[in-house]
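K.L.:
To be precise about what I am sending: the file is called run_15.csv and holds CSV, C-alpha atoms.
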```csv
chain,number,residue,atom,x,y,z
A,1170,MET,CA,0.6,21.7,-48.8
A,1171,ALA,CA,2.6,19.1,-50.5
A,1172,THR,CA,2.0,15.4,-50.8
A,1173,ILE,CA,5.2,13.3,-50.5
A,1174,THR,CA,6.0,9.6,-50.5
A,1175,LEU,CA,8.8,8.3,-48.3
A,1176,LYS,CA,10.0,4.8,-47.6
A,1177,VAL,CA,11.0,5.0,-44.0
A,1178,ASN,CA,12.5,2.0,-42.2
A,1179,ARG,CA,11.3,-0.3,-45.1
A,1180,GLN,CA,7.7,0.9,-44.9
A,1181,ALA,CA,6.0,3.2,-47.5
A,1182,HIS,CA,4.3,6.4,-46.2
A,1183,THR,CA,2.4,9.2,-48.0
A,1184,LEU,CA,2.4,12.5,-46.1
A,1185,GLU,CA,0.7,15.9,-46.5
A,1186,CYS,CA,3.0,18.6,-45.2
A,1187,ALA,CA,3.9,22.2,-45.8
A,1188,SER,CA,6.7,22.9,-48.2
A,1189,THR,CA,8.7,24.3,-45.3
A,1190,THR,CA,8.4,21.2,-43.2
A,1191,LEU,CA,11.9,19.9,-42.2
A,1192,LEU,CA,12.6,16.2,-42.6
A,1193,VAL,CA,13.1,15.8,-38.9
A,1194,GLU,CA,9.7,17.3,-38.3
A,1195,ALA,CA,8.1,14.9,-40.7
A,1196,LEU,CA,9.7,12.0,-39.0
A,1197,ARG,CA,9.0,13.1,-35.5
A,1198,GLU,CA,5.6,14.7,-35.8
A,1199,HIS,CA,3.9,13.0,-38.8
A,1200,LEU,CA,5.4,9.5,-38.4
A,1201,ARG,CA,6.0,9.6,-34.6
A,1202,LEU,CA,9.6,8.3,-35.0
A,1203,THR,CA,11.0,10.2,-32.1
A,1204,GLY,CA,14.4,8.6,-31.9
A,1205,THR,CA,15.7,11.2,-34.3
A,1206,HIS,CA,16.4,14.2,-32.0
A,1207,VAL,CA,16.6,18.0,-32.6
A,1208,GLY,CA,19.5,19.3,-30.6
A,1209,CYS,CA,20.5,22.6,-32.1
A,1210,ASP,CA,18.5,23.5,-35.3
A,1211,THR,CA,21.8,24.6,-36.9
A,1212,SER,CA,23.2,21.3,-38.1
A,1213,GLN,CA,26.0,21.5,-35.5
A,1214,CYS,CA,25.2,18.6,-33.2
A,1215,GLY,CA,24.3,15.6,-35.4
A,1216,ALA,CA,21.5,14.4,-33.1
A,1217,CYS,CA,19.1,14.5,-36.1
A,1218,THR,CA,21.3,12.2,-38.4
A,1219,VAL,CA,19.4,9.7,-40.5
A,1220,HIS,CA,20.3,7.9,-43.7
A,1221,VAL,CA,18.6,9.1,-46.9
A,1222,ASP,CA,19.2,6.8,-49.9
A,1223,GLY,CA,22.2,5.4,-48.1
A,1224,LYS,CA,23.9,8.6,-47.1
A,1225,SER,CA,24.1,10.2,-43.7
A,1226,VAL,CA,22.0,13.4,-43.6
A,1227,LYS,CA,21.3,15.9,-40.9
A,1228,SER,CA,17.5,15.9,-41.1
A,1229,CYS,CA,17.2,19.4,-39.5
A,1230,THR,CA,18.7,20.9,-42.6
A,1231,MET,CA,16.7,19.0,-45.2
A,1232,LEU,CA,13.1,19.8,-46.3
A,1233,ALA,CA,10.7,16.8,-46.3
A,1234,VAL,CA,9.8,17.6,-49.9
A,1235,GLU,CA,13.5,17.2,-50.9
A,1236,ALA,CA,13.2,13.6,-49.6
A,1237,ASP,CA,10.2,12.8,-51.7
A,1238,GLY,CA,10.6,9.3,-53.2
A,1239,ALA,CA,13.7,8.6,-51.0
A,1240,GLU,CA,14.4,5.6,-48.8
A,1241,ILE,CA,15.1,6.7,-45.2
A,1242,THR,CA,16.5,4.8,-42.3
A,1243,THR,CA,16.1,6.2,-38.8
A,1244,ILE,CA,17.5,4.8,-35.5
A,1245,GLU,CA,14.3,2.8,-35.1
A,1246,GLY,CA,15.0,1.1,-38.4
A,1247,LEU,CA,18.5,-0.2,-37.7
A,1248,ALA,CA,17.4,-3.2,-35.6
A,1249,GLN,CA,15.9,-6.0,-37.6
A,1250,GLY,CA,13.9,-9.0,-36.5
A,1251,GLY,CA,14.2,-8.0,-32.9
A,1252,GLU,CA,18.0,-8.0,-33.0
A,1253,LEU,CA,20.0,-4.9,-32.5
A,1254,HIS,CA,22.3,-3.6,-35.2
A,1255,PRO,CA,26.0,-4.4,-34.2
A,1256,MET,CA,26.6,-0.7,-33.6
A,1257,GLN,CA,23.6,-0.4,-31.3
A,1258,ALA,CA,24.7,-3.5,-29.4
A,1259,ALA,CA,28.2,-2.1,-29.1
A,1260,PHE,CA,26.9,1.2,-27.7
A,1261,ARG,CA,24.9,-0.8,-25.1
A,1262,GLU,CA,27.8,-3.1,-24.2
A,1263,HIS,CA,30.4,-0.4,-23.9
A,1264,HIS,CA,28.0,2.2,-22.3
A,1265,GLY,CA,28.8,4.6,-25.2
A,1266,LEU,CA,26.2,7.1,-23.8
A,1267,GLN,CA,25.5,9.3,-20.9
A,1268,CYS,CA,22.1,11.0,-21.1
A,1269,GLY,CA,21.4,9.3,-24.4
A,1270,PHE,CA,20.2,12.4,-26.3
A,1271,CYS,CA,23.1,12.4,-28.8
A,1272,THR,CA,23.2,8.6,-29.1
A,1273,PRO,CA,20.8,8.1,-32.0
A,1274,GLY,CA,22.8,10.5,-34.2
A,1275,MET,CA,26.1,9.0,-33.1
A,1276,ILE,CA,25.0,5.5,-34.0
A,1277,MET,CA,23.5,6.6,-37.3
A,1278,SER,CA,26.7,8.3,-38.3
A,1279,ALA,CA,28.9,5.5,-37.0
A,1280,THR,CA,27.1,2.8,-38.9
A,1281,HIS,CA,27.5,4.6,-42.2
A,1282,GLU,CA,30.8,6.5,-42.0
A,1283,ILE,CA,33.1,4.8,-39.6
A,1284,ARG,CA,36.2,6.9,-40.4
A,1285,HIS,CA,34.4,10.2,-39.8
A,1286,TRP,CA,31.9,9.0,-37.2
A,1287,LEU,CA,32.5,11.8,-34.8
A,1288,GLU,CA,32.7,14.7,-37.2
A,1289,GLY,CA,29.6,16.8,-36.8
A,1290,ASN,CA,28.3,14.9,-33.7
A,1291,LEU,CA,28.5,16.6,-30.3
A,1292,CYS,CA,27.9,15.0,-26.9
A,1293,ARG,CA,27.6,17.5,-24.0
A,1294,CYS,CA,27.8,14.9,-21.3
A,1295,THR,CA,31.0,12.8,-21.7
A,1296,GLY,CA,34.6,12.8,-22.8
A,1297,TYR,CA,33.9,10.4,-25.6
A,1298,HIS,CA,36.0,7.5,-24.2
A,1299,ASN,CA,33.2,5.0,-24.1
A,1300,ILE,CA,31.8,6.2,-27.4
A,1301,VAL,CA,35.1,5.5,-29.1
A,1302,LYS,CA,35.2,2.0,-27.5
A,1303,ALA,CA,31.6,1.4,-28.7
A,1304,VAL,CA,32.3,2.6,-32.2
A,1305,ARG,CA,35.4,0.4,-32.5
A,1306,ALA,CA,33.4,-2.7,-31.2
A,1307,GLY,CA,30.5,-1.9,-33.4
A,1308,ALA,CA,32.7,-1.6,-36.5
A,1309,ALA,CA,34.2,-5.0,-35.7
A,1310,GLY,CA,30.7,-6.4,-35.3
A,1311,MET,CA,29.6,-5.0,-38.6
A,1312,ARG,CA,32.6,-6.7,-40.2
A,1313,GLY,CA,31.5,-10.0,-38.6
A,1314,GLY,CA,34.2,-9.9,-35.9
A,1315,LYS,CA,34.0,-9.4,-32.2
```
Before we go any further, please render this structure as C-alpha cells.
P.N.:
Amino acid sequence: MATITLKVNRQAHTLECASTTLLVEALREHLRLTGTHVGCDTSQCGACTVHVDGKSVKSCTMLAVEADGAEITTIEGLAQGGELHPMQAAFREHHGLQCGFCTPGMIMSATHEIRHWLEGNLCRCTGYHNIVKAVRAGAAGMRGGK
C-alpha cells in the first residue's frame, strides 16, 4: 500500500491505496467523486478526463501514485461558490448532452483545451451539433463574452 497526498478540487486528501490503483479509481472509490466516468478503460473515450496540475489527463491511464502531490480538478470542482463554470452553463443552455455519460469529460477537455476539445472524447448518443454550440458558447463565456 502507498500513502499519497492529493489536492482535489481545492481540498487536501491523504489516501492509502495499492500502487496499481488508477487515478480514476482513487477519485471515484476513495473520494466518492463519481462525476469522473470510466467509459472504456483504454483511454479512447475521454469520459475520465480531469485536470492534473493544470493539464488535461485521462485518469484511467494514470496511476494514483503518479499524481502524489498534484493538484487535481474534477468536474465537481469546476463550479465555484454555487455558480456553474461558463462551460458547464453553456452545456446546460445549449443542451450539449444526450445521456450525459460523456459530458463530464467533454466539459473538462473543453475548459482546458478549446482548440482540441473534441479530440479523444467520444459521445455514443449524438451527432455533436449541440456539443459544438455549447463549447463555442462556453469559450465565449470563459473570455467574458456571451
K.L.:
Go through A:Val1221, A:Ala1181, A:Ala1259, A:Val1304 and flag the residue nearest Thr1242 in chain A, using all atoms listed in the file for the distances.
P.N.:
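Among the listed residues, A:Val1221 lies closest to Thr1242 in chain A.
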K.L.:
How many Å separate CA of Thr1280 in chain A from CA of Gly1223 in chain A?
P.N.:
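Interatomic distance, CA of Thr1280 in chain A to CA of Gly1223 in chain A: 10.7 Å.
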K.L.:
Given the choices A:His1199, A:Lys1224, A:Arg1305, A:His1206, which gets closest to Met1256 in chain A if the distance is worked out from all atoms listed in the file?
P.N.:
A:Arg1305
K.L.:
Taking all atoms listed in the file into account, name the residue in A:Leu1200, A:Cys1271, A:Cys1209, A:Ala1258 that is nearest to Ala1306 in chain A.
P.N.:
A:Ala1258
K.L.:
Quick check, in Å to one decimal: how far apart do CA of Ala1309 in chain A and CA of Leu1266 in chain A lie?
P.N.:
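These two atoms are separated by 18.8 Å.
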K.L.:
Separation of CA of Ala1239 in chain A and CA of Cys1186 in chain A, in Å?
P.N.:
15.8 Å
K.L.:
When you count all atoms listed in the file, which of these residues is closest to Thr1230 in chain A: A:Ile1300, A:Leu1196, A:Leu1191, A:Met1170?
P.N.:
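When distances to Thr1230 in chain A are compared using all atoms listed in the file, the smallest one comes from A:Leu1191.
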K.L.:
Go ahead and find all residues with at least one atom no further than 7 Å from (13.4, 14.8, -38.2) in the file's coordinates, using all atoms listed in the file; report them as a count of residues only.
P.N.:
12
K.L.:
Mind listing whatever residues come within 9 Å of the point (9.9, -1.5, -41.5)? Use all atoms listed in the file, file coordinates, and give them as a ChimeraX atom specification.
P.N.:
/A:1176-1181,1245-1246,1249
K.L.:
Name the closest residue to Lys1302 in chain A among the candidates A:Pro1273, A:Gly1238, A:Gly1265, A:Gly1215; distances are taken between atoms, counting all atoms listed in the file.
P.N.:
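For Lys1302 in chain A, the nearest of the given residues is A:Gly1265.
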K.L.:
Could you write range 1196-1255 of chain A of the block just shown to a file containing C-alpha atoms, as a CSV table (one decimal), in the first residue's frame?
P.N.:
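Just written: selection_39.csv:
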```csv
chain,number,residue,atom,x,y,z
A,1196,LEU,CA,-11.3,9.7,-7.3
A,1197,ARG,CA,-14.4,7.6,-7.6
A,1198,GLU,CA,-13.9,4.9,-4.9
A,1199,HIS,CA,-11.7,6.6,-2.3
A,1200,LEU,CA,-13.0,10.2,-2.6
A,1201,ARG,CA,-16.5,9.4,-3.9
A,1202,LEU,CA,-16.2,11.9,-6.7
A,1203,THR,CA,-18.3,10.0,-9.2
A,1204,GLY,CA,-18.6,12.7,-11.8
A,1205,THR,CA,-15.5,11.3,-13.5
A,1206,HIS,CA,-16.6,8.4,-15.5
A,1207,VAL,CA,-15.0,5.2,-16.8
A,1208,GLY,CA,-16.2,4.6,-20.3
A,1209,CYS,CA,-13.7,2.3,-22.0
A,1210,ASP,CA,-10.6,1.5,-19.8
A,1211,THR,CA,-8.4,2.1,-22.9
A,1212,SER,CA,-8.2,6.0,-22.9
A,1213,GLN,CA,-10.2,6.1,-26.1
A,1214,CYS,CA,-13.4,7.9,-24.9
A,1215,GLY,CA,-12.3,10.8,-22.7
A,1216,ALA,CA,-15.1,10.3,-20.1
A,1217,CYS,CA,-12.4,10.1,-17.4
A,1218,THR,CA,-10.7,13.4,-18.2
A,1219,VAL,CA,-9.6,15.5,-15.2
A,1220,HIS,CA,-7.0,18.3,-14.8
A,1221,VAL,CA,-3.8,17.4,-13.1
A,1222,ASP,CA,-1.6,20.4,-12.3
A,1223,GLY,CA,-3.4,22.3,-15.0
A,1224,LYS,CA,-3.2,19.8,-17.8
A,1225,SER,CA,-6.0,17.6,-19.2
A,1226,VAL,CA,-5.3,13.9,-18.3
A,1227,LYS,CA,-7.3,10.8,-18.9
A,1228,SER,CA,-7.4,9.5,-15.4
A,1229,CYS,CA,-8.0,5.8,-16.5
A,1230,THR,CA,-4.4,5.8,-17.7
A,1231,MET,CA,-2.6,7.4,-14.8
A,1232,LEU,CA,-1.8,5.7,-11.5
A,1233,ALA,CA,-2.8,7.4,-8.4
A,1234,VAL,CA,0.8,7.2,-7.1
A,1235,GLU,CA,1.9,9.2,-10.1
A,1236,ALA,CA,-0.4,12.0,-9.0
A,1237,ASP,CA,1.1,12.2,-5.5
A,1238,GLY,CA,1.5,15.8,-4.6
A,1239,ALA,CA,-0.5,17.0,-7.6
A,1240,GLU,CA,-3.4,19.5,-7.7
A,1241,ILE,CA,-6.4,17.8,-9.4
A,1242,THR,CA,-9.7,19.3,-10.6
A,1243,THR,CA,-12.6,17.1,-11.4
A,1244,ILE,CA,-16.0,18.1,-12.9
A,1245,GLU,CA,-17.2,18.6,-9.3
A,1246,GLY,CA,-14.6,21.2,-8.8
A,1247,LEU,CA,-15.3,23.5,-11.8
A,1248,ALA,CA,-18.3,25.3,-10.2
A,1249,GLN,CA,-17.3,27.8,-7.5
A,1250,GLY,CA,-19.5,29.5,-4.9
A,1251,GLY,CA,-22.6,27.7,-6.2
A,1252,GLU,CA,-22.1,29.2,-9.7
A,1253,LEU,CA,-21.5,26.9,-12.7
A,1254,HIS,CA,-18.3,27.3,-14.7
A,1255,PRO,CA,-19.1,29.1,-18.0
```
